[in-house]
Amino acid sequence: MGEEGTEGTVHLLCLAASSGVPLFCRSSRGGAPARQQLPFSVIGSLNGVHMFGQNLEVQLSSARTEDTTVVLLVGLEELTNIRNVERLKKELRASYRLIDSFLGDSELIGDLTQCVDCVVPPEGSLLQEALAGFTEAVGTAFGCLVVSGRVVAATESWWRLGTPEAVLLPWLVGSLPPQAARDYPVYLPHGSPTVPHRLLTLTLLPGLELCLLCGPRPPLSQLDPQLLDRWWQPVLDLLRACVPLGPRTLPAGFPLHVDILGLLLLHLELKRCLFTVEPSGDQEPSPEQRRRLLRSFYTLVTATHFPPEPGAPEEKVEDAVQRTQVPRACYLVSGPEEPGTGWRLVALQLGPRRLLLLLSPQSPTHGLRGLATHTLHALTPLL
């Protein structure tokens with residue numbers, strides 16, 4: 001796979017490893033799908049690089065940025081042992097919407113953090129009980145509620161799904177066009193890369209979907225209206241209250257400081273996160289700019305300020321020795337550091353939780369850590 005930026009356009013090209021034959025090319029400009037495709041001459045050049053390297057026993061496996069793109073809807077065997085290129089091209093079309101959502105300006109952040117994007121519903125325990133009862137009634141242990149690609153509630157087995165499928169499955173559901181019901185074959189990159197599972201989705205309310213991961217059973221026809229009414233009618237008002245949570249993430253009326261323009265809260269052990277740029281939505285910068293600022297700041301602090309978590313596979317011995325010397329809070333001013341100018345970005349880590357805040361220029365720098373600490377304590381019961 002390769003990515004190339006030309007005049008603000010990002011191209012994702014996937015080549016067959018055995019032959020260098022282009023399988024697909026997806027393009028994005030300004031966060032939206034672009035009609036401008038990668039020129040054939042460039043595709044031919046990349047193909048030539050692949051073939052040249054192969055002759056020297058050097059395999060061109062990928063050329064990419066730090067972000068990662070994963071093809072979820074085609075099994076590992078089909079990708080590594082290509083028997084029919086044209087058939088594979090047709091099968092890969094099922095993943096175009098998912099791929100385009102990664103290239104575009106998504107409201108989610110799980111692709112970067114590898115944590116599941118979540119929302120905080122009202123009376124979450126009641127929704128959890130209804131979900132557990134329904135999944136048991138239909139004969140699967142894997143179920144969740146999804147609003148705008150974010151998990152509202154999930155069964156214990158669903159939460160035990162490995163990375164990256166725990167992130168990809170709700171993202172996939174959020175990338176698909178609205179549909180009353182689906183029976184979708186999916187391969188799990190970690191848990192089942194060669195044998196497909198079935199992803200069943202049912203729209204309970206516009207924007208709110210019930211998702212089940214299962215084997216050959218139950219058939220979609222078994223999920224009849226009577227069964228749905230039995231478990232979800234009693235919590236219908238709670239479900240309605242979840243629909244607007246998509247971009248907002250936090251419950252209505254949750255107290256946040258007026259200077260907060262966006263936040264990202266990660267629970268590094270549970271691999272879940274809360275991400276929103278909705279606070280003070282009538283102020284500059286725009287939601288798109290806020291997301292870009294927080295994503296860039298997350299990349300910066302993760303790479304330079306906060307170490308890998310204890311026990312992480314990539315952690316070296318010398319890193320563990322130096323861990324106590326690493327700061328647990330940092331801030332950045334985007335623009336001139338003068339009173340009333342420059343967006344404030346602050347990060348704070350306490351135990352398994354890491355909080356990133358985007359603050360207005362009016363927020364004094366000497367009070368950033370105190371504001372972040374207070375906000376983290378307020379958010380801790382939610383995640």
# chains A, B, ... in the order shown; residues from 1 in each chain; ligands from 1
$ closest_atom_pairs --of "stretch 216-286 of chain A" --to "stretch 131-151 of chain A" --cutoff "10 Å" --atoms "only C-alpha atoms" --output "JSON lines"
{"residue": "A:Arg217", "atom": "CA", "partner": "A:Gly139", "partner_atom": "CA", "distance": 7.7}
{"residue": "A:Pro218", "atom": "CA", "partner": "A:Val138", "partner_atom": "CA", "distance": 6.5}
{"residue": "A:Pro219", "atom": "CA", "partner": "A:Val138", "partner_atom": "CA", "distance": 9.4}
{"residue": "A:Gln222", "atom": "CA", "partner": "A:Val138", "partner_atom": "CA", "distance": 7.9}
{"residue": "A:Leu223", "atom": "CA", "partner": "A:Val138", "partner_atom": "CA", "distance": 7.5}
{"residue": "A:Leu227", "atom": "CA", "partner": "A:Phe134", "partner_atom": "CA", "distance": 8.2}
{"residue": "A:Leu228", "atom": "CA", "partner": "A:Phe134", "partner_atom": "CA", "distance": 7.9}
{"residue": "A:Arg230", "atom": "CA", "partner": "A:Phe134", "partner_atom": "CA", "distance": 8.8}
{"residue": "A:Trp231", "atom": "CA", "partner": "A:Phe134", "partner_atom": "CA", "distance": 6.2}
{"residue": "A:Trp232", "atom": "CA", "partner": "A:Leu131", "partner_atom": "CA", "distance": 8.5}
{"residue": "A:Leu239", "atom": "CA", "partner": "A:Leu145", "partner_atom": "CA", "distance": 9.5}
{"residue": "A:Cys242", "atom": "CA", "partner": "A:Val147", "partner_atom": "CA", "distance": 7.5}
{"residue": "A:Val243", "atom": "CA", "partner": "A:Val147", "partner_atom": "CA", "distance": 6.4}
{"residue": "A:Pro244", "atom": "CA", "partner": "A:Val147", "partner_atom": "CA", "distance": 8.5}
{"residue": "A:Leu245", "atom": "CA", "partner": "A:Val147", "partner_atom": "CA", "distance": 7.5}
{"residue": "A:Gly246", "atom": "CA", "partner": "A:Ser148", "partner_atom": "CA", "distance": 5.3}
{"residue": "A:Pro247", "atom": "CA", "partner": "A:Ser148", "partner_atom": "CA", "distance": 7.7}
{"residue": "A:Thr249", "atom": "CA", "partner": "A:Arg150", "partner_atom": "CA", "distance": 8.5}
{"residue": "A:Arg272", "atom": "CA", "partner": "A:Val151", "partner_atom": "CA", "distance": 9.4}
{"residue": "A:Cys273", "atom": "CA", "partner": "A:Arg150", "partner_atom": "CA", "distance": 9.7}
{"residue": "A:Leu274", "atom": "CA", "partner": "A:Arg150", "partner_atom": "CA", "distance": 9.2}
{"residue": "A:Phe275", "atom": "CA", "partner": "A:Arg150", "partner_atom": "CA", "distance": 9.8}
$ select_by_dssp --residues "stretch 7-256 of chain A" --states "strand (DSSP E or B)" --output "PyMOL selection string"
chain A and resi 9-15+22-29+32-33+63+116-118+142-147+150-154+181-188+192-205+208-214
$ select_by_dssp --residues "stretch 249-379 of chain A" --states "helix (DSSP H, G or I)" --output "ChimeraX atom specification"
/A:287-304,317-325,365-379
$ residues_around --residues "A:Ala166" --least-positions-apart "4" --cutoff "10 Å" --atoms "only C-alpha atoms" --output "MDAnalysis selection string"
chainID A and resid 110 114:117 151 158:162 170:171 188 190 271:272
$ write_last_selection --atoms "all heavy atoms" --output "compact mmCIF listing (two decimals), in the first residue's frame"
# COMPACT_ATOMS: atom_id res chain seq x y z
N GLY A 110 -10.37 6.89 17.03
CA GLY A 110 -9.86 5.57 17.35
C GLY A 110 -8.80 5.07 16.40
O GLY A 110 -7.95 4.26 16.78
N GLN A 114 -6.07 3.98 18.77
CA GLN A 114 -6.33 2.54 18.94
C GLN A 114 -7.14 2.27 20.19
O GLN A 114 -7.02 1.21 20.82
CB GLN A 114 -5.02 1.75 18.93
CG GLN A 114 -4.36 1.69 17.57
CD GLN A 114 -5.26 1.06 16.50
OE1 GLN A 114 -5.56 -0.12 16.54
NE2 GLN A 114 -5.72 1.87 15.54
N CYS A 115 -7.96 3.23 20.57
CA CYS A 115 -8.94 3.08 21.65
C CYS A 115 -10.33 3.24 21.05
O CYS A 115 -10.52 4.00 20.09
CB CYS A 115 -8.73 4.13 22.75
SG CYS A 115 -7.18 3.94 23.67
N VAL A 116 -11.32 2.55 21.61
CA VAL A 116 -12.67 2.57 21.08
C VAL A 116 -13.34 3.91 21.40
O VAL A 116 -13.37 4.34 22.56
CB VAL A 116 -13.51 1.42 21.67
CG1 VAL A 116 -14.93 1.45 21.10
CG2 VAL A 116 -12.85 0.08 21.39
N ASP A 117 -13.86 4.58 20.37
CA ASP A 117 -14.62 5.81 20.59
C ASP A 117 -15.94 5.48 21.28
O ASP A 117 -16.70 4.63 20.81
CB ASP A 117 -14.91 6.49 19.25
CG ASP A 117 -13.69 7.15 18.65
OD1 ASP A 117 -13.40 8.30 19.03
OD2 ASP A 117 -13.01 6.51 17.82
N VAL A 151 -19.45 3.69 20.55
CA VAL A 151 -20.11 2.66 21.35
C VAL A 151 -20.83 3.30 22.53
O VAL A 151 -20.24 4.06 23.31
CB VAL A 151 -19.08 1.63 21.85
CG1 VAL A 151 -19.73 0.65 22.82
CG2 VAL A 151 -18.48 0.87 20.67
N TRP A 158 -17.88 -8.47 24.03
CA TRP A 158 -17.55 -7.49 22.99
C TRP A 158 -16.33 -6.67 23.42
O TRP A 158 -15.42 -6.43 22.63
CB TRP A 158 -18.73 -6.58 22.71
CG TRP A 158 -18.50 -5.61 21.59
CD1 TRP A 158 -17.75 -4.46 21.62
CD2 TRP A 158 -18.98 -5.72 20.24
NE1 TRP A 158 -17.76 -3.85 20.40
CE2 TRP A 158 -18.49 -4.60 19.53
CE3 TRP A 158 -19.79 -6.65 19.57
CZ2 TRP A 158 -18.78 -4.38 18.17
CZ3 TRP A 158 -20.07 -6.44 18.23
CH2 TRP A 158 -19.58 -5.32 17.54
N TRP A 159 -16.31 -6.25 24.69
CA TRP A 159 -15.17 -5.46 25.17
C TRP A 159 -13.88 -6.25 25.16
O TRP A 159 -12.79 -5.68 25.14
CB TRP A 159 -15.44 -4.93 26.58
CG TRP A 159 -16.40 -3.79 26.64
CD1 TRP A 159 -17.51 -3.68 27.42
CD2 TRP A 159 -16.31 -2.54 25.92
NE1 TRP A 159 -18.13 -2.48 27.22
CE2 TRP A 159 -17.42 -1.76 26.31
CE3 TRP A 159 -15.42 -2.03 24.98
CZ2 TRP A 159 -17.65 -0.48 25.79
CZ3 TRP A 159 -15.65 -0.76 24.47
CH2 TRP A 159 -16.75 -0.01 24.87
N ARG A 160 -13.97 -7.58 25.19
CA ARG A 160 -12.76 -8.40 25.19
C ARG A 160 -12.21 -8.63 23.78
O ARG A 160 -11.17 -9.28 23.62
CB ARG A 160 -13.01 -9.75 25.87
CG ARG A 160 -13.13 -9.65 27.38
CD ARG A 160 -12.96 -11.00 28.03
NE ARG A 160 -14.06 -11.89 27.74
CZ ARG A 160 -15.15 -12.02 28.49
NH1 ARG A 160 -15.27 -11.29 29.59
NH2 ARG A 160 -16.11 -12.87 28.16
N LEU A 161 -12.90 -8.12 22.75
CA LEU A 161 -12.36 -8.21 21.39
C LEU A 161 -11.00 -7.51 21.34
O LEU A 161 -10.79 -6.47 21.99
CB LEU A 161 -13.30 -7.55 20.38
CG LEU A 161 -14.60 -8.29 20.06
CD1 LEU A 161 -15.50 -7.40 19.22
CD2 LEU A 161 -14.34 -9.61 19.35
N GLY A 162 -10.08 -8.05 20.58
CA GLY A 162 -8.75 -7.47 20.51
C GLY A 162 -8.69 -6.27 19.60
O GLY A 162 -9.64 -5.92 18.89
N PRO A 170 -17.26 -0.83 15.21
CA PRO A 170 -18.18 0.32 15.28
C PRO A 170 -17.86 1.39 14.23
O PRO A 170 -18.77 2.05 13.73
CB PRO A 170 -17.98 0.86 16.71
CG PRO A 170 -16.71 0.27 17.20
CD PRO A 170 -16.52 -1.02 16.48
N TRP A 171 -16.59 1.54 13.89
CA TRP A 171 -16.21 2.50 12.84
C TRP A 171 -16.84 2.07 11.52
O TRP A 171 -17.35 2.89 10.76
CB TRP A 171 -14.70 2.56 12.72
CG TRP A 171 -14.19 3.71 11.90
CD1 TRP A 171 -14.52 4.00 10.60
CD2 TRP A 171 -13.27 4.73 12.30
NE1 TRP A 171 -13.85 5.12 10.17
CE2 TRP A 171 -13.08 5.59 11.18
CE3 TRP A 171 -12.57 4.99 13.47
CZ2 TRP A 171 -12.22 6.70 11.23
CZ3 TRP A 171 -11.72 6.09 13.51
CH2 TRP A 171 -11.56 6.93 12.41
N LEU A 188 -12.07 -10.79 11.27
CA LEU A 188 -11.46 -10.13 12.41
C LEU A 188 -9.94 -10.22 12.28
O LEU A 188 -9.39 -11.33 12.38
CB LEU A 188 -11.93 -10.77 13.72
CG LEU A 188 -13.46 -10.87 13.89
CD1 LEU A 188 -13.80 -11.52 15.22
CD2 LEU A 188 -14.10 -9.49 13.78
N HIS A 190 -7.46 -9.76 14.14
CA HIS A 190 -6.75 -10.40 15.25
C HIS A 190 -7.36 -11.76 15.60
O HIS A 190 -6.66 -12.75 15.75
CB HIS A 190 -6.78 -9.50 16.49
CG HIS A 190 -6.19 -10.14 17.72
ND1 HIS A 190 -4.84 -10.28 17.90
CD2 HIS A 190 -6.78 -10.68 18.82
CE1 HIS A 190 -4.61 -10.88 19.06
NE2 HIS A 190 -5.77 -11.12 19.64
N LYS A 271 -8.67 0.66 26.93
CA LYS A 271 -8.61 0.96 25.49
C LYS A 271 -9.92 1.59 25.00
O LYS A 271 -10.47 1.21 23.97
CB LYS A 271 -8.30 -0.30 24.68
CG LYS A 271 -6.90 -0.83 24.87
CD LYS A 271 -5.87 0.12 24.27
CE LYS A 271 -4.46 -0.43 24.36
NZ LYS A 271 -3.47 0.52 23.79
N ARG A 272 -10.40 2.56 25.77
CA ARG A 272 -11.60 3.31 25.38
C ARG A 272 -11.29 4.80 25.48
O ARG A 272 -10.41 5.22 26.24
CB ARG A 272 -12.78 2.97 26.29
CG ARG A 272 -13.09 1.48 26.36
CD ARG A 272 -14.21 1.18 27.35
NE ARG A 272 -14.22 -0.23 27.74
CZ ARG A 272 -15.01 -0.74 28.67
NH1 ARG A 272 -15.88 0.03 29.31
NH2 ARG A 272 -14.94 -2.02 28.96
$ residues_around --residues "A:Leu263" --least-positions-apart "2" --cutoff "6 Å" --atoms "only C-alpha atoms" --output "ChimeraX atom specification"
/A:275-276,356-357
$ write_last_selection --atoms "all heavy atoms" --output "tab-separated table (two decimals), in the first residue's frame"
chain	number	residue	atom	x	y	z
A	275	PHE	N	-14.15	11.61	23.00
A	275	PHE	CA	-13.58	12.65	22.14
A	275	PHE	C	-14.70	13.56	21.67
A	275	PHE	O	-15.68	13.10	21.08
A	275	PHE	CB	-12.88	11.99	20.95
A	275	PHE	CG	-12.24	12.95	19.98
A	275	PHE	CD1	-11.39	13.94	20.42
A	275	PHE	CD2	-12.48	12.84	18.61
A	275	PHE	CE1	-10.78	14.82	19.53
A	275	PHE	CE2	-11.88	13.70	17.70
A	275	PHE	CZ	-11.03	14.69	18.16
A	276	THR	N	-14.57	14.86	21.94
A	276	THR	CA	-15.59	15.80	21.50
A	276	THR	C	-14.97	17.17	21.25
A	276	THR	O	-14.02	17.57	21.94
A	276	THR	CB	-16.72	15.93	22.53
A	276	THR	OG1	-17.70	16.86	22.06
A	276	THR	CG2	-16.21	16.41	23.88
A	356	LEU	N	-6.46	15.23	27.24
A	356	LEU	CA	-5.98	16.32	26.39
A	356	LEU	C	-7.09	17.33	26.24
A	356	LEU	O	-8.24	16.96	25.94
A	356	LEU	CB	-5.56	15.81	25.01
A	356	LEU	CG	-4.20	15.12	24.88
A	356	LEU	CD1	-4.21	13.75	25.54
A	356	LEU	CD2	-3.81	14.97	23.40
A	357	LEU	N	-6.77	18.60	26.43
A	357	LEU	CA	-7.75	19.67	26.33
A	357	LEU	C	-7.31	20.70	25.31
A	357	LEU	O	-6.11	21.04	25.23
A	357	LEU	CB	-7.94	20.37	27.68
A	357	LEU	CG	-8.53	19.57	28.84
A	357	LEU	CD1	-8.58	20.43	30.09
A	357	LEU	CD2	-9.92	19.05	28.50
$ atom_distance --atom1 "atom CA of A:Val119" --atom2 "atom CA of A:Gly342"
29.2 Å
$ closest_residue --among "A:Gly124, A:Pro193, A:Gly53, A:Gly262" --to "A:Leu355" --atoms "only C-alpha atoms"
A:Gly262
$ residues_around --residues "stretch 349-351 of chain A" --least-positions-apart "4" --cutoff "9 Å" --atoms "only C-alpha atoms" --output "list of chain:residue names"
A:Leu268, A:Phe306, A:Pro327, A:Arg328, A:Ala329, A:Leu355, A:Leu356, A:Thr373, A:Leu376
$ residues_around --residues "A:Leu383" --least-positions-apart "2" --cutoff "9 Å" --atoms "only C-alpha atoms" --output "list in words"
Val120, Leu265, Leu266, His267, Leu270, Arg272, Cys273, Leu274, Arg353, Leu379, Thr380 and Pro381 of chain A
$ closest_residue --among "A:Val58, A:Val71, A:Leu220, A:Val49" --to "A:Phe24" --atoms "only C-alpha atoms"
A:Val71
$ closest_residue --among "A:Thr299, A:Ile109, A:Glu129, A:Val258" --to "A:Leu371" --atoms "only C-alpha atoms"
A:Val258
$ atom_distance --atom1 "atom CA of A:Phe254" --atom2 "atom CA of A:Val152"
16.7 Å
$ atom_distance --atom1 "atom CA of A:Thr201" --atom2 "atom CA of A:Asp183"
6.8 Å
$ closest_residue --among "A:Leu250, A:Val173, A:Leu23, A:Val85" --to "A:Leu212" --atoms "only C-alpha atoms"
A:Val173
